[in-house]
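Student: Mind looking over this structure? Questions follow.
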Amino acid sequence: MTRAIDNAERREYTASGIMTREQVLDLDFLDARGKLIEIAAFLDRVERAKGQDDFRVKAFRQAARELNGSKKRRAEKVLLAFSDPTTTPIPAATTKAACGAWPGRPN
Amino acid sequence: MKYIEPHAHMVSRVTDDYQRMALAGCEAICEPAFWAGFDRSSPAGFHDYFCQLTEHEPKRAAKFGIAHFCWLCINPKESEDVNLAGDVIALIPQFLDRPNVLGIGEIGLNKNSRNEVKVLEMHVDLAARFDQLILVHTPHLEDKLKGTRLILDVLKSDRRIKPERVIVDHVEEHTVKAVLDRGHWAGMTLYPETKCTPARAIDILENFGNEQLWMNSACDWGVSDPLAVPKTALEMKRRGHRAAAIEQLIFRNPKKFLSQSPNFKLPAA
Ligand SMILES: [Zn+2]
């Protein structure tokens with residue numbers, strides 16, 4: 001049988017769940033707080049160091065803006081901020097590695 | 001807690017890992033062909049690797065009561081050389097009758113180059129001609145979104161491919177919906193730094209349902225954790241998921257997808 005999972009099924013599973021907001025905070029607040037401080041310290045460290053911003057830190061700042069406000073699907077938007085948005089294959093692979101942010105041209 | 005590890009590169013792991021996985025409840029391990037961390041210089045190197053996956057590794061697993069299965073291909077990281085890829089793909093049919101082979105994988109893209117797409121199409125054609133399941137690797141980090149889109153287009157354009165016989169692995173929040181909407185299965189890979197953490201994998205599950213999803217450790221020669229699946233099951237429990245829902249994700253779902261291959265048989269209970 002070929003079909004995508006429909007939205008009703010997705011809602012049913014999600015609705016069956018899982019934790020209250022208080023439970024989420026009890027479980028994950030301290031961990032998330034610690035990670036946020038790490039990010040702040042990382043940006044301080046980058047700016048304290050001599051040199052220029054490159055495409056990675058520019059993408060990082062763009063991604064960090066997705067955390068603000070009441071927008072949903074923040075994780076998806078952060079990932080999109082680091083992604084190559086183009087749609088055609090590059091002529092040839094010159095490296096095997098990915099660096100975590102799109103340089104604006106094939107790397 | 002019994003579970004299936006649907007994506008692990010055991011040739012890169014020590015025997016202690018088999019023991020730990022058995023202790024954690026692992027019933028079966030599926031090992032896709034992948035990049036060894038260096039480029040192999042000839043088709044003969046792949047021939048030996050396919051023998052290792054189909055002859056030697058099942059014996060290592062059996063010592064711990066774990067069933068071992070594998071997928072065969074030349075991986076996307078070695079697909080820039082189309083001639084080498086063609087020679088390796090020509091080797092694969094002679095291995096497809098071996099009892100632990102599940103299909104063609106992990107195929108896909110790495111840097112989203114023209115030659116990688118060409119070799120992906122060659123693999124999809126091989127799978128169609130021999131009626132094999134497909135396991136797809138999606139690219140890393142900034143290349144994943146584009147690569148997933150290109151891969152989905154290649155799969156769709158070959159009309160012989162049934163979407164429910166393809167698992168697209170390493171999905172994240174920005175790619176999972178497109179994969180599921182095409183009727184494919186989606187795999188979430190639990191890595192310490194890249195791909196998914198246990199918490200995010202469970203978020204995806206809660207947002208997208210548990211129908212056509214599985215989780216894997218994709219443990220290999222890099223920093224990775226062969227116990228990532230049972231650890232994530234524990235995290236699901238902590239977050240209030242019912243035992244039946246946990247068992248569906250870590251055991252019944254992979255069993256359902258993999259049982260589409262006649263070679264997938266679990267040890268008798
Ligand atoms: Zn892999």
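Letters for chains follow the order of the structure tokens (A, B, ...), residue numbers begin at 1 for each chain, and ligand numbers begin at 1 in the order shown.
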How would you report the residues lying within 10 Å of ligand 1, as an MDAnalysis selection string, if you count only C-alpha atoms and all ligand atoms?
Tutor: chainID B and resid 6:9 31:35 75 105:107 135:138 169:170 189 216:220
Student: Quick one: residues within 9 Å of segment 47-62 of chain B, only C-alpha atoms counted, chain neighbours fewer than 3 positions away excluded, as a ChimeraX atom specification?
Tutor: /B:10-11,15,18-19,28-29,31-33,43-44,65-73,88,91-92,95,98-101
Student: With N, CA, C and O atoms kept, could you save the residues just selected as a compact mmCIF listing (two decimals), in the first residue's frame?
Tutor:
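Output file part-v3.txt follows:
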# COMPACT_ATOMS: atom_id res chain seq x y z
N MET B 10 29.24 -2.64 11.78
CA MET B 10 29.89 -3.47 12.79
C MET B 10 31.31 -3.85 12.40
O MET B 10 32.11 -4.20 13.28
N VAL B 11 31.65 -3.79 11.10
CA VAL B 11 33.04 -4.09 10.72
C VAL B 11 34.00 -3.12 11.40
O VAL B 11 35.18 -3.42 11.54
N THR B 15 34.39 -6.41 19.33
CA THR B 15 33.48 -7.49 19.73
C THR B 15 32.73 -7.15 21.02
O THR B 15 31.59 -7.58 21.20
N TYR B 18 29.26 -5.95 20.32
CA TYR B 18 28.25 -7.00 20.13
C TYR B 18 27.72 -7.48 21.48
O TYR B 18 26.52 -7.68 21.66
N GLN B 19 28.65 -7.66 22.42
CA GLN B 19 28.23 -8.17 23.73
C GLN B 19 27.30 -7.17 24.43
O GLN B 19 26.26 -7.54 24.96
N ALA B 28 18.64 -8.16 16.27
CA ALA B 28 19.16 -8.19 14.90
C ALA B 28 19.87 -6.88 14.59
O ALA B 28 19.47 -5.82 15.07
N ILE B 29 20.92 -6.98 13.80
CA ILE B 29 21.67 -5.82 13.34
C ILE B 29 21.68 -5.84 11.81
O ILE B 29 21.91 -6.89 11.20
N GLU B 31 23.47 -4.04 8.51
CA GLU B 31 24.72 -3.31 8.23
C GLU B 31 24.76 -2.87 6.77
O GLU B 31 25.01 -3.69 5.89
N PRO B 32 24.54 -1.57 6.49
CA PRO B 32 24.67 -1.10 5.11
C PRO B 32 26.15 -0.99 4.71
O PRO B 32 26.99 -0.70 5.55
N ALA B 33 26.42 -1.22 3.43
CA ALA B 33 27.77 -0.99 2.92
C ALA B 33 28.07 0.50 2.97
O ALA B 33 27.21 1.32 2.66
N PRO B 43 37.82 -2.46 -7.66
CA PRO B 43 36.61 -3.27 -7.39
C PRO B 43 36.92 -4.47 -6.49
O PRO B 43 36.05 -4.89 -5.72
N ALA B 44 38.15 -4.98 -6.56
CA ALA B 44 38.48 -6.15 -5.73
C ALA B 44 38.35 -5.82 -4.24
O ALA B 44 37.98 -6.68 -3.43
N GLY B 65 24.17 -14.39 19.75
CA GLY B 65 22.74 -14.63 19.53
C GLY B 65 22.05 -13.53 18.75
O GLY B 65 20.83 -13.39 18.81
N ILE B 66 22.83 -12.74 18.02
CA ILE B 66 22.25 -11.63 17.24
C ILE B 66 22.25 -12.03 15.76
O ILE B 66 23.26 -12.50 15.24
N ALA B 67 21.10 -11.83 15.10
CA ALA B 67 21.04 -12.06 13.65
C ALA B 67 21.69 -10.87 12.94
O ALA B 67 21.52 -9.73 13.36
N HIS B 68 22.44 -11.15 11.89
CA HIS B 68 23.14 -10.09 11.16
C HIS B 68 22.68 -10.08 9.70
O HIS B 68 22.67 -11.12 9.04
N PHE B 69 22.29 -8.88 9.23
CA PHE B 69 21.88 -8.71 7.84
C PHE B 69 22.70 -7.57 7.22
O PHE B 69 23.30 -6.77 7.95
N CYS B 70 22.70 -7.49 5.89
CA CYS B 70 23.47 -6.39 5.28
C CYS B 70 22.80 -5.87 4.02
O CYS B 70 21.87 -6.48 3.48
N TRP B 71 23.28 -4.71 3.61
CA TRP B 71 22.87 -4.05 2.37
C TRP B 71 24.14 -3.82 1.55
O TRP B 71 25.20 -3.52 2.14
N LEU B 72 24.03 -3.88 0.22
CA LEU B 72 25.22 -3.78 -0.63
C LEU B 72 25.14 -2.60 -1.60
O LEU B 72 24.07 -2.32 -2.14
N CYS B 73 26.29 -1.96 -1.82
CA CYS B 73 26.38 -0.86 -2.78
C CYS B 73 27.81 -0.33 -2.79
O CYS B 73 28.64 -0.78 -2.02
N VAL B 88 31.84 -1.80 -9.61
CA VAL B 88 31.41 -2.34 -8.31
C VAL B 88 29.94 -2.79 -8.39
O VAL B 88 29.59 -3.86 -7.89
N LEU B 91 29.42 -6.13 -9.68
CA LEU B 91 29.74 -7.24 -8.77
C LEU B 91 28.56 -7.66 -7.91
O LEU B 91 28.51 -8.79 -7.40
N ILE B 92 27.63 -6.73 -7.68
CA ILE B 92 26.62 -6.93 -6.63
C ILE B 92 25.66 -8.10 -6.91
O ILE B 92 25.37 -8.88 -5.99
N PHE B 95 26.06 -11.43 -5.29
CA PHE B 95 25.91 -11.53 -3.83
C PHE B 95 24.45 -11.50 -3.37
O PHE B 95 24.17 -11.77 -2.20
N ARG B 98 22.78 -14.31 -1.37
CA ARG B 98 23.30 -14.73 -0.06
C ARG B 98 22.24 -14.49 1.02
O ARG B 98 21.48 -13.51 0.96
N PRO B 99 22.19 -15.37 2.03
CA PRO B 99 21.01 -15.37 2.90
C PRO B 99 20.83 -14.16 3.80
O PRO B 99 19.73 -13.94 4.30
N ASN B 100 21.87 -13.33 4.00
CA ASN B 100 21.68 -12.19 4.91
C ASN B 100 21.56 -10.86 4.16
O ASN B 100 21.60 -9.80 4.78
N VAL B 101 21.41 -10.89 2.83
CA VAL B 101 21.35 -9.63 2.06
C VAL B 101 19.91 -9.13 1.98
O VAL B 101 19.01 -9.85 1.55
Student: Can you measure atom CA of Met215 of chain B to atom CA of Asp39 of chain B for me? One decimal in Å is fine.
Tutor: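 Calculated distance between atom CA of Met215 of chain B and atom CA of Asp39 of chain B is 28.0 Å.
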Student: Report the residues of segment 135-191 of chain B whose backbone DSSP state falls under strand (DSSP E), written as a list of chain:residue names.
Tutor: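 So the strand (DSSP E) residues in segment 135-191 of chain B would be B:Leu135, B:Val136, B:His137, B:Val166, B:Ile167, B:Val168, B:Asp169, B:Trp185, B:Ala186, B:Gly187, B:Met188, B:Thr189.
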Student: Keeping only N, CA, C and O atoms, take the residues you just selected and write them out as an mmCIF file, in the first residue's frame.
Tutor:
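Just written: result-v4.cif:
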data_model
loop_
_atom_site.group_PDB
_atom_site.id
_atom_site.type_symbol
_atom_site.label_atom_id
_atom_site.label_comp_id
_atom_site.auth_asym_id
_atom_site.auth_seq_id
_atom_site.Cartn_x
_atom_site.Cartn_y
_atom_site.Cartn_z
ATOM 1 N N LEU B 135 17.894 1.211 0.872
ATOM 2 C CA LEU B 135 18.196 2.044 2.051
ATOM 3 C C LEU B 135 19.019 3.242 1.572
ATOM 4 O O LEU B 135 20.068 3.070 0.959
ATOM 5 N N VAL B 136 18.499 4.434 1.849
ATOM 6 C CA VAL B 136 19.103 5.667 1.334
ATOM 7 C C VAL B 136 19.818 6.427 2.449
ATOM 8 O O VAL B 136 19.274 6.649 3.525
ATOM 9 N N HIS B 137 21.039 6.846 2.151
ATOM 10 C CA HIS B 137 21.803 7.763 3.015
ATOM 11 C C HIS B 137 21.572 9.177 2.497
ATOM 12 O O HIS B 137 21.765 9.436 1.309
ATOM 13 N N VAL B 166 11.280 1.685 0.278
ATOM 14 C CA VAL B 166 12.477 2.526 0.406
ATOM 15 C C VAL B 166 12.483 3.182 1.786
ATOM 16 O O VAL B 166 11.490 3.792 2.188
ATOM 17 N N ILE B 167 13.603 3.057 2.510
ATOM 18 C CA ILE B 167 13.788 3.825 3.748
ATOM 19 C C ILE B 167 14.817 4.918 3.480
ATOM 20 O O ILE B 167 15.899 4.646 2.950
ATOM 21 N N VAL B 168 14.454 6.147 3.779
ATOM 22 C CA VAL B 168 15.367 7.286 3.626
ATOM 23 C C VAL B 168 15.894 7.619 5.022
ATOM 24 O O VAL B 168 15.135 8.010 5.906
ATOM 25 N N ASP B 169 17.196 7.466 5.191
ATOM 26 C CA ASP B 169 17.781 7.528 6.528
ATOM 27 C C ASP B 169 18.380 8.906 6.822
ATOM 28 O O ASP B 169 18.571 9.713 5.924
ATOM 29 N N TRP B 185 9.569 5.215 4.075
ATOM 30 C CA TRP B 185 9.909 5.148 5.492
ATOM 31 C C TRP B 185 11.030 6.157 5.773
ATOM 32 O O TRP B 185 11.786 6.516 4.857
ATOM 33 N N ALA B 186 11.118 6.601 7.032
ATOM 34 C CA ALA B 186 12.161 7.561 7.409
ATOM 35 C C ALA B 186 12.937 7.018 8.597
ATOM 36 O O ALA B 186 12.345 6.500 9.546
ATOM 37 N N GLY B 187 14.266 7.142 8.532
ATOM 38 C CA GLY B 187 15.130 6.709 9.620
ATOM 39 C C GLY B 187 15.742 7.913 10.328
ATOM 40 O O GLY B 187 16.156 8.878 9.685
ATOM 41 N N MET B 188 15.762 7.845 11.661
ATOM 42 C CA MET B 188 16.405 8.910 12.449
ATOM 43 C C MET B 188 17.688 8.348 13.042
ATOM 44 O O MET B 188 17.667 7.312 13.707
ATOM 45 N N THR B 189 18.787 9.041 12.796
ATOM 46 C CA THR B 189 20.090 8.563 13.272
ATOM 47 C C THR B 189 20.515 9.350 14.500
ATOM 48 O O THR B 189 20.494 10.574 14.500
#
Student: Counting only C-alpha atoms, which residues of chain B fall within 9 Å of chain A, and what is the closest atom pair for each with its distance in Å at one decimal, ordered by chain and rising number, as CSV?
Tutor:
residue,atom,partner,partner_atom,distance
B:Lys77,CA,A:Lys96,CA,6.2
B:Glu78,CA,A:Lys96,CA,8.9
B:Glu80,CA,A:Ala93,CA,6.8
B:Asn110,CA,A:Lys96,CA,7.0
B:Lys111,CA,A:Ala93,CA,5.9
B:Asn112,CA,A:Pro89,CA,5.3
B:Ser113,CA,A:Ile90,CA,4.6
B:Arg114,CA,A:Pro89,CA,5.3
B:Asn115,CA,A:Ala92,CA,6.9
B:Glu116,CA,A:Ala93,CA,8.3
B:Val117,CA,A:Pro89,CA,7.7
B:Pro139,CA,A:Ala98,CA,8.6
B:His140,CA,A:Ala98,CA,6.2
B:Leu141,CA,A:Gly100,CA,5.0
B:Glu142,CA,A:Ser83,CA,4.1
B:Asp143,CA,A:Asp84,CA,5.9
B:Lys144,CA,A:Ser83,CA,7.3
B:Leu145,CA,A:Ser83,CA,6.3
B:Lys146,CA,A:Thr87,CA,6.0
B:Gly147,CA,A:Thr87,CA,8.6
B:Arg149,CA,A:Thr87,CA,7.8
B:Leu150,CA,A:Thr87,CA,7.5
B:Lys162,CA,A:Thr2,CA,7.4
B:Pro163,CA,A:Thr2,CA,6.6
B:Glu164,CA,A:Thr2,CA,6.1
B:Glu172,CA,A:Glu76,CA,8.0
B:Glu173,CA,A:Glu76,CA,5.0
B:His174,CA,A:Glu76,CA,4.8
B:Thr175,CA,A:Glu76,CA,8.5
B:Val179,CA,A:Ala4,CA,8.9
B:Leu180,CA,A:Ala4,CA,5.7
B:Asp181,CA,A:Ala4,CA,4.7
B:Arg182,CA,A:Ala4,CA,6.0
B:Gly183,CA,A:Ala4,CA,4.3
B:His184,CA,A:Ala4,CA,7.6
B:Arg200,CA,A:Ala75,CA,8.9
B:Leu205,CA,A:Thr14,CA,8.3
B:Glu206,CA,A:Thr14,CA,5.0
B:Asn207,CA,A:Thr14,CA,6.1
B:Phe208,CA,A:Arg10,CA,5.2
B:Gly209,CA,A:Arg10,CA,4.6
B:Asn210,CA,A:Tyr13,CA,7.5
B:Glu211,CA,A:Ile5,CA,7.2
B:Gln212,CA,A:Ile5,CA,7.9
B:Arg238,CA,A:Leu27,CA,8.7
B:Arg239,CA,A:Met19,CA,6.5
B:Gly240,CA,A:Ile18,CA,5.6
B:His241,CA,A:Ile18,CA,6.5
Student: Output as a ChimeraX atom specification all residues of chain A that backbone DSSP marks as alpha helix (DSSP H).
Tutor: /A:7-15,21-48,55-65,74-81
Student: So that I can check the surroundings of Lys255 of chain B, please list as a PyMOL selection string every protein, DNA and RNA residue that reaches within 10 Å of it, counting only C-alpha atoms and ignoring chain neighbours fewer than 6 positions away.
Tutor: chain B and resi 3-4+6+28+214+248-249+264-266
Student: Suppose we keep N, CA, C and O atoms; can you now write the selection as an mmCIF file, in the first residue's frame?
Tutor:
data_model
loop_
_atom_site.group_PDB
_atom_site.id
_atom_site.type_symbol
_atom_site.label_atom_id
_atom_site.label_comp_id
_atom_site.auth_asym_id
_atom_site.auth_seq_id
_atom_site.Cartn_x
_atom_site.Cartn_y
_atom_site.Cartn_z
ATOM 1 N N TYR B 3 15.083 -5.101 20.788
ATOM 2 C CA TYR B 3 15.081 -4.089 19.741
ATOM 3 C C TYR B 3 15.889 -4.576 18.544
ATOM 4 O O TYR B 3 16.643 -5.560 18.627
ATOM 5 N N ILE B 4 15.688 -3.881 17.427
ATOM 6 C CA ILE B 4 16.462 -4.140 16.210
ATOM 7 C C ILE B 4 17.331 -2.906 15.958
ATOM 8 O O ILE B 4 16.837 -1.778 16.030
ATOM 9 N N PRO B 6 18.749 -1.133 13.109
ATOM 10 C CA PRO B 6 18.605 -1.254 11.647
ATOM 11 C C PRO B 6 19.731 -0.608 10.841
ATOM 12 O O PRO B 6 19.688 -0.670 9.609
ATOM 13 N N ALA B 28 18.642 -8.163 16.275
ATOM 14 C CA ALA B 28 19.155 -8.193 14.900
ATOM 15 C C ALA B 28 19.868 -6.884 14.594
ATOM 16 O O ALA B 28 19.467 -5.821 15.069
ATOM 17 N N TRP B 214 11.831 4.750 11.945
ATOM 18 C CA TRP B 214 12.656 3.938 12.833
ATOM 19 C C TRP B 214 13.832 4.765 13.326
ATOM 20 O O TRP B 214 14.058 5.879 12.856
ATOM 21 N N GLN B 248 6.959 -0.480 19.415
ATOM 22 C CA GLN B 248 6.664 -0.279 17.993
ATOM 23 C C GLN B 248 7.833 0.404 17.288
ATOM 24 O O GLN B 248 8.246 0.002 16.205
ATOM 25 N N LEU B 249 8.387 1.444 17.910
ATOM 26 C CA LEU B 249 9.441 2.206 17.238
ATOM 27 C C LEU B 249 10.741 1.419 17.124
ATOM 28 O O LEU B 249 11.412 1.471 16.090
ATOM 29 N N PHE B 264 14.828 -11.529 5.569
ATOM 30 C CA PHE B 264 14.804 -11.038 6.956
ATOM 31 C C PHE B 264 14.036 -12.011 7.844
ATOM 32 O O PHE B 264 12.810 -12.056 7.824
ATOM 33 N N LYS B 265 14.746 -12.783 8.612
ATOM 34 C CA LYS B 265 14.112 -13.720 9.545
ATOM 35 C C LYS B 265 14.803 -13.560 10.889
ATOM 36 O O LYS B 265 16.022 -13.658 10.981
ATOM 37 N N LEU B 266 14.006 -13.350 11.940
ATOM 38 C CA LEU B 266 14.565 -13.224 13.283
ATOM 39 C C LEU B 266 14.768 -14.608 13.881
ATOM 40 O O LEU B 266 14.075 -15.561 13.496
#
Student: Neighbours of Asp54 of chain A within 12 Å (only C-alpha atoms; same-chain residues fewer than 3 positions away dropped), as a list of chain:residue names?
Tutor: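 Once the adjacent positions are removed, what remains is A:Val46, A:Glu47, A:Gly51, A:Val57, A:Lys58, A:Ala59, A:Phe60, A:Arg61, A:Ala101, A:Trp102, A:Pro103, A:Gly104.
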Student: Excluding segment 124-130 of chain B and residues on its chain fewer than 6 positions from it, collect all residues at most 9 Å away from it, counting only C-alpha atoms, and give them as a ChimeraX atom specification.
Tutor: /B:89,92-93,96,103-104,107,154-155,158,160-161
